[in-house]
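model.cif (mmCIF, C-alpha atoms)
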```cif
data_protein
loop_
_atom_site.label_atom_id
_atom_site.label_comp_id
_atom_site.auth_asym_id
_atom_site.auth_seq_id
_atom_site.Cartn_x
_atom_site.Cartn_y
_atom_site.Cartn_z
CA MET N 1443 37.69 124.23 131.71
CA GLN N 1444 36.42 121.98 128.96
CA GLN N 1445 35.49 118.51 130.11
CA ALA N 1446 37.05 115.51 128.38
CA PRO N 1447 34.54 113.64 126.26
CA THR N 1448 33.12 110.58 127.93
CA ALA N 1449 33.14 107.14 126.36
CA MET N 1450 29.39 107.49 125.89
CA SER N 1451 29.61 110.83 124.09
CA MET N 1452 32.43 109.57 121.87
CA ARG N 1453 30.38 106.53 121.01
CA SER N 1454 27.38 108.74 120.17
CA GLU N 1455 29.48 110.97 117.93
CA TYR N 1456 30.80 107.95 116.07
CA LEU N 1457 27.35 106.42 115.63
CA LYS N 1458 26.11 109.65 114.05
CA ARG N 1459 28.61 109.09 111.22
CA VAL N 1460 27.44 105.54 110.48
CA PRO N 1461 25.42 105.70 107.20
CA LEU N 1462 22.73 103.37 108.55
CA LEU N 1463 22.09 105.68 111.54
CA ARG N 1464 22.37 109.17 110.03
CA GLU N 1465 18.61 109.77 110.06
CA LEU N 1466 18.25 109.06 113.79
CA ASN N 1467 17.84 112.02 116.17
CA ASP N 1468 20.18 112.72 119.10
CA GLN N 1469 17.89 111.01 121.58
CA GLU N 1470 17.75 107.83 119.50
CA ILE N 1471 21.51 107.89 118.97
CA GLY N 1472 22.13 108.35 122.69
CA LYS N 1473 19.86 105.46 123.54
CA LEU N 1474 21.64 103.24 121.03
CA ALA N 1475 25.08 104.28 122.33
CA GLY N 1476 24.04 103.44 125.87
CA ARG N 1477 23.17 99.90 124.92
CA THR N 1478 26.29 99.02 122.96
CA ARG N 1479 29.59 97.71 124.27
CA GLU N 1480 33.02 97.82 122.66
CA GLU N 1481 34.76 94.59 121.66
CA VAL N 1482 38.22 94.00 120.18
CA PHE N 1483 39.27 91.17 117.82
CA MET N 1484 42.76 90.21 116.66
CA PRO N 1485 43.60 89.42 112.99
CA GLY N 1486 42.24 86.02 111.96
CA ALA N 1487 39.76 85.84 114.83
CA PRO N 1488 36.19 84.86 113.91
CA ILE N 1489 33.72 87.49 115.05
CA VAL N 1490 30.69 85.44 114.04
CA GLU N 1491 30.68 81.92 112.64
CA ILE N 1492 28.26 80.26 110.27
CA GLY N 1493 25.74 78.02 112.01
CA GLU N 1494 25.99 79.61 115.45
CA PRO N 1495 23.00 81.41 117.03
CA GLY N 1496 22.78 85.10 116.26
CA ASP N 1497 22.89 87.06 119.51
CA CYS N 1498 24.18 90.53 118.57
CA LEU N 1499 24.75 93.11 115.84
CA TYR N 1500 28.24 94.53 115.24
CA ILE N 1501 29.13 98.05 114.04
CA LEU N 1502 32.76 98.45 112.96
CA LEU N 1503 34.78 101.28 114.52
CA ASP N 1504 38.26 100.37 113.22
CA GLY N 1505 39.80 97.61 111.12
CA ASN N 1506 38.54 95.41 108.32
CA VAL N 1507 36.70 92.11 108.18
CA GLN N 1508 35.89 89.57 105.48
CA VAL N 1509 32.53 87.83 105.07
CA LEU N 1510 33.07 84.16 104.19
CA TYR N 1511 30.76 81.52 102.75
CA PRO N 1512 31.65 77.78 102.74
CA ALA N 1513 32.71 76.33 99.38
CA ARG N 1514 33.97 72.94 98.22
CA SER N 1515 37.56 74.13 98.06
CA GLY N 1516 37.53 76.03 101.34
CA GLU N 1517 35.86 79.37 101.97
CA PHE N 1518 34.60 81.90 99.44
CA GLU N 1519 34.85 85.61 100.23
CA LEU N 1520 31.49 87.28 99.72
CA ALA N 1521 32.52 90.77 100.86
CA ARG N 1522 34.92 92.93 102.86
CA MET N 1523 33.79 95.57 105.36
CA GLY N 1524 35.42 98.49 107.11
CA PRO N 1525 34.67 101.29 109.60
CA GLY N 1526 31.02 102.35 109.55
CA ASP N 1527 29.78 99.01 108.20
CA PHE N 1528 27.65 96.63 110.25
CA PHE N 1529 26.87 92.92 110.18
CA GLY N 1530 25.00 90.24 112.08
CA GLU N 1531 21.55 91.76 111.66
CA MET N 1532 20.00 88.92 109.64
CA ALA N 1533 20.16 86.27 112.34
CA LEU N 1534 18.67 88.74 114.84
CA LEU N 1535 15.63 89.33 112.67
CA ASN N 1536 14.84 85.81 111.42
CA ASN N 1537 15.92 83.83 114.51
CA GLN N 1538 17.97 81.54 112.27
CA PRO N 1539 21.63 80.51 112.70
CA ARG N 1540 24.33 82.71 111.21
CA SER N 1541 24.44 82.33 107.41
CA ALA N 1542 28.12 83.30 106.99
CA THR N 1543 31.37 83.65 108.90
CA VAL N 1544 32.90 87.08 109.55
CA ARG N 1545 36.63 87.13 110.32
CA ALA N 1546 38.95 89.99 111.30
CA LEU N 1547 41.61 90.88 108.72
CA LYS N 1548 43.29 93.56 110.86
CA PRO N 1549 42.84 94.43 114.53
CA VAL N 1550 39.14 95.25 114.84
CA ARG N 1551 37.22 97.44 117.27
CA ALA N 1552 33.47 97.07 117.06
CA LEU N 1553 30.36 98.07 118.96
CA ALA N 1554 28.17 95.10 119.84
CA LEU N 1555 24.40 95.48 120.31
CA ASP N 1556 22.60 92.55 121.91
CA LYS N 1557 19.58 90.97 120.27
CA ALA N 1558 16.94 92.16 122.76
CA ASP N 1559 18.20 95.78 122.61
CA PHE N 1560 18.42 95.65 118.82
CA ARG N 1561 14.82 94.44 118.48
CA GLU N 1562 13.57 97.08 120.91
CA ILE N 1563 15.31 99.93 119.07
CA ILE N 1564 14.01 98.68 115.71
CA ALA N 1565 10.46 98.57 117.11
CA GLU N 1566 10.77 102.14 118.42
CA SER N 1567 12.34 103.62 115.28
CA PRO N 1568 10.46 103.08 111.97
CA THR N 1569 13.11 105.19 110.24
CA LEU N 1570 15.88 102.83 111.29
CA ALA N 1571 13.76 99.78 110.47
CA LEU N 1572 13.12 100.99 106.90
CA LYS N 1573 16.78 101.89 106.37
CA LEU N 1574 17.84 98.49 107.67
CA LEU N 1575 15.43 96.71 105.31
CA GLU N 1576 16.87 98.67 102.38
CA VAL N 1577 20.45 97.70 103.25
CA MET N 1578 19.49 94.06 103.84
CA SER N 1579 17.70 93.76 100.49
CA GLN N 1580 20.84 95.02 98.72
CA ARG N 1581 23.03 92.60 100.64
CA ILE N 1582 20.76 89.63 99.92
CA ARG N 1583 20.71 90.40 96.20
CA TYR N 1584 24.51 90.76 96.07
CA ALA N 1585 25.04 87.55 98.08
CA ASP N 1586 22.67 85.63 95.79
CA GLU N 1587 24.62 86.82 92.76
CA GLN N 1588 27.93 85.87 94.36
CA ILE N 1589 26.76 82.43 95.51
CA SER N 1590 25.13 81.74 92.14
CA GLY N 1591 28.45 82.53 90.50
CA LEU N 1592 30.19 80.23 92.92
CA SER N 1593 27.74 77.42 92.17
CA ASP N 1594 28.30 77.87 88.47
CA LYS N 1595 32.07 77.62 88.94
CA ALA N 1596 31.60 74.39 90.90
CA LEU N 1597 29.75 72.91 87.91
CA ARG N 1598 32.16 74.07 85.19
CA ASP N 1599 35.27 72.39 83.87
CA PRO N 1600 38.00 75.03 84.33
CA LEU N 1601 39.83 74.11 81.12
CA THR N 1602 37.03 73.90 78.53
CA SER N 1603 34.31 75.86 80.40
CA LEU N 1604 31.90 73.03 79.60
CA LEU N 1605 29.71 71.70 82.38
CA ASN N 1606 31.59 69.04 84.36
CA ARG N 1607 30.92 65.47 85.49
CA ARG N 1608 28.99 66.54 88.58
CA ALA N 1609 26.67 68.70 86.48
CA PHE N 1610 26.32 65.82 84.01
CA HIS N 1611 25.10 63.40 86.67
CA GLU N 1612 22.66 65.96 88.07
CA ARG N 1613 21.25 66.68 84.61
CA LEU N 1614 21.03 62.98 83.72
CA ILE N 1615 18.98 62.32 86.87
CA GLU N 1616 16.66 65.23 86.00
CA GLU N 1617 16.13 64.01 82.43
CA CYS N 1618 15.44 60.43 83.50
CA GLU N 1619 12.92 61.65 86.06
CA ARG N 1620 11.24 63.85 83.45
CA SER N 1621 11.04 60.92 81.06
CA ARG N 1622 9.48 58.68 83.73
CA ARG N 1623 6.97 61.32 84.74
CA TYR N 1624 5.93 62.76 81.39
CA GLY N 1625 6.93 60.10 78.86
CA GLU N 1626 9.45 62.37 77.14
CA HIS N 1627 12.35 60.97 75.09
CA PHE N 1628 15.96 62.05 75.28
CA SER N 1629 19.30 60.68 74.16
CA LEU N 1630 22.75 60.38 75.70
CA ILE N 1631 25.87 60.52 73.53
CA LEU N 1632 29.32 59.67 74.93
CA LEU N 1633 32.30 60.83 72.89
CA ASP N 1634 35.94 59.90 73.44
CA LEU N 1635 38.94 61.24 71.50
CA ASP N 1636 40.91 58.55 69.70
CA ARG N 1637 44.55 57.93 70.70
CA PHE N 1638 44.67 61.11 72.75
CA LYS N 1639 47.51 59.82 74.95
CA SER N 1640 49.81 59.67 71.93
CA ILE N 1641 49.03 63.34 71.19
CA ASN N 1642 50.09 64.32 74.71
CA ASP N 1643 53.19 62.12 74.49
CA THR N 1644 54.22 63.46 71.07
CA PHE N 1645 53.32 67.15 71.24
CA GLY N 1646 53.13 67.82 74.98
CA HIS N 1647 50.33 68.49 77.44
CA ASP N 1648 49.96 72.13 76.40
CA ALA N 1649 49.02 70.93 72.92
CA GLY N 1650 46.68 68.38 74.45
CA ASP N 1651 44.99 71.06 76.52
CA ALA N 1652 44.61 73.28 73.45
CA ILE N 1653 42.88 70.41 71.65
CA LEU N 1654 40.50 69.80 74.57
CA VAL N 1655 39.54 73.47 74.64
CA TRP N 1656 38.99 73.36 70.88
CA VAL N 1657 36.85 70.22 71.10
CA GLY N 1658 34.74 71.85 73.81
CA ARG N 1659 34.16 74.83 71.54
CA MET N 1660 33.34 72.59 68.56
CA LEU N 1661 30.77 70.64 70.58
CA THR N 1662 29.16 73.87 71.73
CA ASP N 1663 29.07 75.32 68.21
CA HIS N 1664 27.82 72.17 66.46
CA THR N 1665 25.00 71.03 68.74
CA ARG N 1666 21.46 72.35 68.98
CA VAL N 1667 20.64 75.06 71.50
CA ALA N 1668 18.62 72.48 73.47
CA ASP N 1669 21.52 70.01 73.59
CA THR N 1670 24.06 70.25 76.42
CA PRO N 1671 27.71 69.17 76.09
CA PHE N 1672 29.77 68.15 79.12
CA ARG N 1673 33.38 67.22 79.80
CA ILE N 1674 33.16 64.16 82.04
CA GLY N 1675 36.77 62.95 82.05
CA GLY N 1676 40.21 63.55 80.56
CA GLU N 1677 39.31 63.26 76.87
CA GLU N 1678 35.72 62.10 77.48
CA PHE N 1679 32.71 64.21 76.62
CA ALA N 1680 28.96 63.71 76.78
CA ILE N 1681 25.95 65.32 75.15
CA ILE N 1682 22.43 65.16 76.55
CA ALA N 1683 19.93 65.74 73.75
CA PRO N 1684 16.30 66.32 74.82
CA ALA N 1685 13.36 65.22 72.65
CA THR N 1686 15.67 62.94 70.67
CA GLY N 1687 15.21 59.27 69.82
CA MET N 1688 17.70 56.61 68.79
CA GLY N 1689 17.78 57.48 65.07
CA VAL N 1690 18.40 61.19 65.59
CA ALA N 1691 21.02 60.43 68.26
CA HIS N 1692 22.94 58.33 65.73
CA THR N 1693 22.78 61.15 63.17
CA VAL N 1694 23.89 63.78 65.68
CA ALA N 1695 26.77 61.65 66.98
CA GLN N 1696 28.08 60.81 63.51
CA ARG N 1697 27.82 64.43 62.39
CA LEU N 1698 29.93 65.54 65.37
CA LEU N 1699 32.55 62.90 64.61
CA ASP N 1700 32.69 63.95 60.96
CA THR N 1701 33.00 67.62 61.93
CA LEU N 1702 35.95 66.92 64.24
CA ALA N 1703 37.70 64.72 61.67
CA GLU N 1704 37.35 67.32 58.90
CA ALA N 1705 38.40 70.35 60.96
CA LYS N 1706 41.98 71.35 61.74
CA PRO N 1707 42.94 71.51 65.43
CA PRO N 1708 44.65 74.75 66.57
CA LEU N 1709 48.19 73.36 66.34
CA GLU N 1710 51.13 74.34 64.16
CA VAL N 1711 51.69 70.70 63.23
CA GLN N 1712 49.52 68.72 60.85
CA LEU N 1713 47.16 66.54 62.88
CA ARG N 1714 43.93 64.79 62.03
CA LEU N 1715 41.88 64.30 65.17
CA THR N 1716 39.22 61.60 65.33
CA ALA N 1717 36.83 60.48 68.01
CA SER N 1718 34.47 57.61 68.70
CA ALA N 1719 30.96 57.78 70.10
CA GLY N 1720 28.37 55.60 71.77
CA PHE N 1721 24.75 56.58 72.23
CA ALA N 1722 21.63 55.36 74.01
CA ALA N 1723 18.10 56.67 74.46
CA CYS N 1724 15.55 56.93 77.22
CA PRO N 1725 13.17 55.15 77.60
CA ASP N 1726 14.44 52.70 74.92
CA ASN N 1727 17.39 51.67 77.09
CA GLY N 1728 15.72 52.17 80.44
CA PHE N 1729 14.69 54.91 82.85
CA GLN N 1730 17.59 54.46 85.28
CA THR N 1731 20.67 56.65 84.93
CA ASP N 1732 23.06 53.72 85.50
CA ALA N 1733 21.40 51.58 82.84
CA LEU N 1734 21.37 54.41 80.32
CA PHE N 1735 24.99 55.37 80.91
CA ARG N 1736 26.09 51.72 80.78
CA ALA N 1737 24.29 51.21 77.44
CA ALA N 1738 25.98 54.26 75.89
CA ASP N 1739 29.38 53.34 77.38
CA GLN N 1740 29.23 49.78 76.05
CA ALA N 1741 28.32 51.17 72.63
CA LEU N 1742 31.34 53.50 72.84
CA ILE N 1743 33.62 50.57 73.70
CA ARG N 1744 32.31 48.70 70.67
CA ALA N 1745 32.96 51.73 68.45
CA LYS N 1746 36.57 51.74 69.68
CA GLN N 1747 36.98 48.01 69.18
CA THR N 1748 35.57 48.02 65.66
CA GLY N 1749 37.85 50.63 64.15
CA ARG N 1750 37.31 53.98 65.95
CA SER N 1751 36.02 57.18 64.33
CA ARG N 1752 32.48 55.84 64.32
CA ALA N 1753 29.25 56.05 66.32
CA CYS N 1754 27.57 52.95 67.70
CA GLY N 1755 24.31 52.41 69.54
CA PRO N 1756 23.24 49.59 71.88
CA GLU N 1757 23.09 46.13 70.39
CA ASN N 1758 19.63 44.66 70.03
#
```
Rewritten as C-alpha cells:
Amino acid sequence: MQQAPTAMSMRSEYLKRVPLLRELNDQEIGKLAGRTREEVFMPGAPIVEIGEPGDCLYILLDGNVQVLYPARSGEFELARMGPGDFFGEMALLNNQPRSATVRALKPVRALALDKADFREIIAESPTLALKLLEVMSQRIRYADEQISGLSDKALRDPLTSLLNRRAFHERLIEECERSRRYGEHFSLILLDLDRFKSINDTFGHDAGDAILVWVGRMLTDHTRVADTPFRIGGEEFAIIAPATGMGVAHTVAQRLLDTLAEAKPPLEVQLRLTASAGFAACPDNGFQTDALFRAADQALIRAKQTGRSRACGPEN
C-alpha cells in the first residue's frame, strides 16, 4: 500500500520547482524544507511592511502579492508576484529594515524561512548564494528604474510635462549654491500669460489647457538646451538660464514674448496670445533664492503694470 505523502515531502517537491532552488540537490532541498513553516494571509493583509525588521524570507505557494513603495499620493506598485516567487531576502542579508511593503492580493499560502536558518543555508550552499545574488541584482536594477520613474513623475507638471514648482525650487537652490561656490552667473526669467482668465471664461477650460500645453512646447522649443523651463503656477512659467547675465536674460525673455505673440495658438478661433516677463540675475540680485525670485517677480509685476507684453528687469 502506497503511503500518503507527508507534509515534509510535499514541501520538498514544491521547493524543487521554485526557479531559485532548482540547482540544489535533494539533500539541500530536504534540509530547506525542514526549516520552513507554512503561513496563510488573507487578501489585503500585509505580509511584510516597510521599516520593520527583516526576520524571514517568504516563498509563495499559492496566491498573488503586490510589492508597494511609498509615494506622495499613496503607494506605488513596484511589482506583483505569484507562486514560485520569493521576497524578503534583502533585509536578511543587509540587516536593514524592510525597504518595501508586500501585501496579499488573493488568499496567500507561503513558506517562511527564519533569518538564522536562511543565513546558514546560504553559507552552506554557494550555488544558492550565487543564484540569489543574480536575482537580487535584477530586482535592484528594476526597482531603481521604477523609483526613478516615480521621482520624475513627482517633479513633472501632468498637463504640460514641464518640470513643476517643486523641481523649480530645488533647481533654484542648486544654482544659487553653485554661484556662491564657484562664482558662476545664471539668470531667472518669470513669464506670465496676459489676461489668461478671460481666455478660460470666453473659450472654456479645455481651450485654456490646450494653450498651456502649447506654451510649454514653445518654451521647450525656443530656449537653449542648457536652459530649463518650468510651469510654476496656473499660467505662470519660469526659465532658469545658466551662464547668463542680465543683458542676455533680457534678450532671451523678449525673444520668447515675441515668439508667443507672433505664433498662432492651436485653437479654431482667432486669438493673439501675449505674455509678460520679469527677469533677475545671480549674483547681481543676490545669492539667496528668495531675493532672486522676489527681484524677478517685482520686475514681472512692473511689466504688467506698464502695458503687458514686455520684459522688465530689476530697477536700479
Evaluate the PyMOL selection byres ((chain N and resi 1749) around 12) on the structure here and hand back the selected residues as a list in words.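 With the shown file as input, the PyMOL selection byres ((chain N and resi 1749) around 12) matches Asp1636, Arg1637, Thr1716, Ala1717, Ser1718, Ala1719, Leu1742, Ile1743, Arg1744, Ala1745, Lys1746, Gln1747, Thr1748, Arg1750, Ser1751, Arg1752, Ala1753 and Cys1754 of chain N.
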Please check which residues have atoms at most 12 Å from (49.7, 61.4, 69.6) in the file's coordinates, counting all atoms listed in the file, and write them as an MDAnalysis selection string. chainID N and resid 1635:1647 1649:1650 1653 1711:1716
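Evaluated against this file, the PyMOL selection byres ((chain N and resi 1599) around 12) yields Asp1594, Lys1595, Ala1596, Leu1597, Arg1598, Pro1600, Leu1601, Thr1602, Ser1603, Leu1604, Leu1605, Asn1606, Arg1607, Arg1608, Ala1609, Phe1610, Leu1654, Val1655, Gly1658, Pro1671, Phe1672, Arg1673, Ile1674, Gly1675, Gly1676 and Phe1679 of chain N.
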Going by the chain IDs and residue numbers used in this file, which residues fall under the PyMOL selection byres ((chain N and resi 1683) around 10)? Write them as a ChimeraX atom specification. /N:1617,1627-1631,1665-1671,1680-1682,1684-1687,1690-1691,1694,1723
For region 1472-1477 of chain N, please output as an MDAnalysis selection string all residues within 9 Å (counting all atoms listed in the file; exclusion window: fewer than 5 positions along the same chain). chainID N and resid 1450:1451 1453:1454 1457 1467 1553:1556 1559:1560 1563
May I ask for the distance between CA of Leu1463 (chain N) and CA of Leu1570 (chain N), given in Å to one decimal place?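 Separation of CA of Leu1463 (chain N) and CA of Leu1570 (chain N): 6.8 Å.
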Of the candidates N:Gln1469, N:Ser1541, N:Ser1621, N:Thr1701, which shows the shortest atom-to-atom distance to Gln1730 (chain N), using only C-alpha atoms?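 Among the listed residues, N:Ser1621 lies closest to Gln1730 (chain N).
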For a test of reading the model, state the distance in Å between CA of Ala1733 (chain N) and CA of Ile1615 (chain N), rounded to one decimal.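 Spanning CA of Ala1733 (chain N) to CA of Ile1615 (chain N) is a straight-line distance of 11.7 Å.
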Taking into account all atoms listed in the file, which residue in the set N:Val1657, N:Ala1737, N:Val1509, N:Asn1727 is nearest to Leu1698 (chain N)? N:Val1657
Using only C-alpha atoms, which residue out of N:Met1688, N:Val1490, N:Ala1703, N:Cys1724 lies closest to Arg1540 (chain N)? N:Val1490
Generate the coordinates of N, CA and C atoms for region 1485-1501 of chain N; report them as a PDB file, keeping the file's coordinate frame.
```pdb
ATOM      1  N   PRO N1485      43.638  89.938 114.362  1.00  0.00           N
ATOM      2  CA  PRO N1485      43.600  89.420 112.990  1.00  0.00           C
ATOM      3  C   PRO N1485      43.419  87.902 112.955  1.00  0.00           C
ATOM      4  N   GLY N1486      42.520  87.452 112.108  1.00  0.00           N
ATOM      5  CA  GLY N1486      42.240  86.020 111.960  1.00  0.00           C
ATOM      6  C   GLY N1486      41.165  85.512 112.892  1.00  0.00           C
ATOM      7  N   ALA N1487      40.768  86.309 113.872  1.00  0.00           N
ATOM      8  CA  ALA N1487      39.760  85.840 114.830  1.00  0.00           C
ATOM      9  C   ALA N1487      38.376  85.886 114.202  1.00  0.00           C
ATOM     10  N   PRO N1488      37.576  84.823 114.386  1.00  0.00           N
ATOM     11  CA  PRO N1488      36.190  84.860 113.910  1.00  0.00           C
ATOM     12  C   PRO N1488      35.347  85.722 114.841  1.00  0.00           C
ATOM     13  N   ILE N1489      34.614  86.647 114.267  1.00  0.00           N
ATOM     14  CA  ILE N1489      33.720  87.490 115.050  1.00  0.00           C
ATOM     15  C   ILE N1489      32.342  86.831 115.145  1.00  0.00           C
ATOM     16  N   VAL N1490      31.855  86.331 114.032  1.00  0.00           N
ATOM     17  CA  VAL N1490      30.690  85.440 114.040  1.00  0.00           C
ATOM     18  C   VAL N1490      31.035  84.253 113.158  1.00  0.00           C
ATOM     19  N   GLU N1491      30.415  83.117 113.426  1.00  0.00           N
ATOM     20  CA  GLU N1491      30.680  81.920 112.640  1.00  0.00           C
ATOM     21  C   GLU N1491      29.386  81.331 112.119  1.00  0.00           C
ATOM     22  N   ILE N1492      29.437  80.827 110.897  1.00  0.00           N
ATOM     23  CA  ILE N1492      28.260  80.260 110.270  1.00  0.00           C
ATOM     24  C   ILE N1492      27.703  79.116 111.126  1.00  0.00           C
ATOM     25  N   GLY N1493      26.399  79.089 111.267  1.00  0.00           N
ATOM     26  CA  GLY N1493      25.740  78.020 112.010  1.00  0.00           C
ATOM     27  C   GLY N1493      25.491  78.314 113.476  1.00  0.00           C
ATOM     28  N   GLU N1494      26.199  79.309 114.042  1.00  0.00           N
ATOM     29  CA  GLU N1494      25.990  79.610 115.450  1.00  0.00           C
ATOM     30  C   GLU N1494      24.770  80.513 115.626  1.00  0.00           C
ATOM     31  N   PRO N1495      24.166  80.536 116.810  1.00  0.00           N
ATOM     32  CA  PRO N1495      23.000  81.410 117.030  1.00  0.00           C
ATOM     33  C   PRO N1495      23.412  82.879 116.899  1.00  0.00           C
ATOM     34  N   GLY N1496      22.510  83.675 116.371  1.00  0.00           N
ATOM     35  CA  GLY N1496      22.780  85.100 116.260  1.00  0.00           C
ATOM     36  C   GLY N1496      22.323  85.828 117.503  1.00  0.00           C
ATOM     37  N   ASP N1497      23.269  86.411 118.254  1.00  0.00           N
ATOM     38  CA  ASP N1497      22.890  87.060 119.510  1.00  0.00           C
ATOM     39  C   ASP N1497      23.219  88.540 119.567  1.00  0.00           C
ATOM     40  N   CYS N1498      23.927  89.085 118.548  1.00  0.00           N
ATOM     41  CA  CYS N1498      24.180  90.530 118.570  1.00  0.00           C
ATOM     42  C   CYS N1498      24.552  91.053 117.185  1.00  0.00           C
ATOM     43  N   LEU N1499      24.379  92.354 117.031  1.00  0.00           N
ATOM     44  CA  LEU N1499      24.750  93.110 115.840  1.00  0.00           C
ATOM     45  C   LEU N1499      26.091  93.789 116.112  1.00  0.00           C
ATOM     46  N   TYR N1500      26.945  93.878 115.082  1.00  0.00           N
ATOM     47  CA  TYR N1500      28.240  94.530 115.240  1.00  0.00           C
ATOM     48  C   TYR N1500      28.328  95.744 114.299  1.00  0.00           C
ATOM     49  N   ILE N1501      28.847  96.848 114.825  1.00  0.00           N
ATOM     50  CA  ILE N1501      29.130  98.050 114.040  1.00  0.00           C
ATOM     51  C   ILE N1501      30.630  98.299 114.135  1.00  0.00           C
TER      52      ILE N1501
END
```
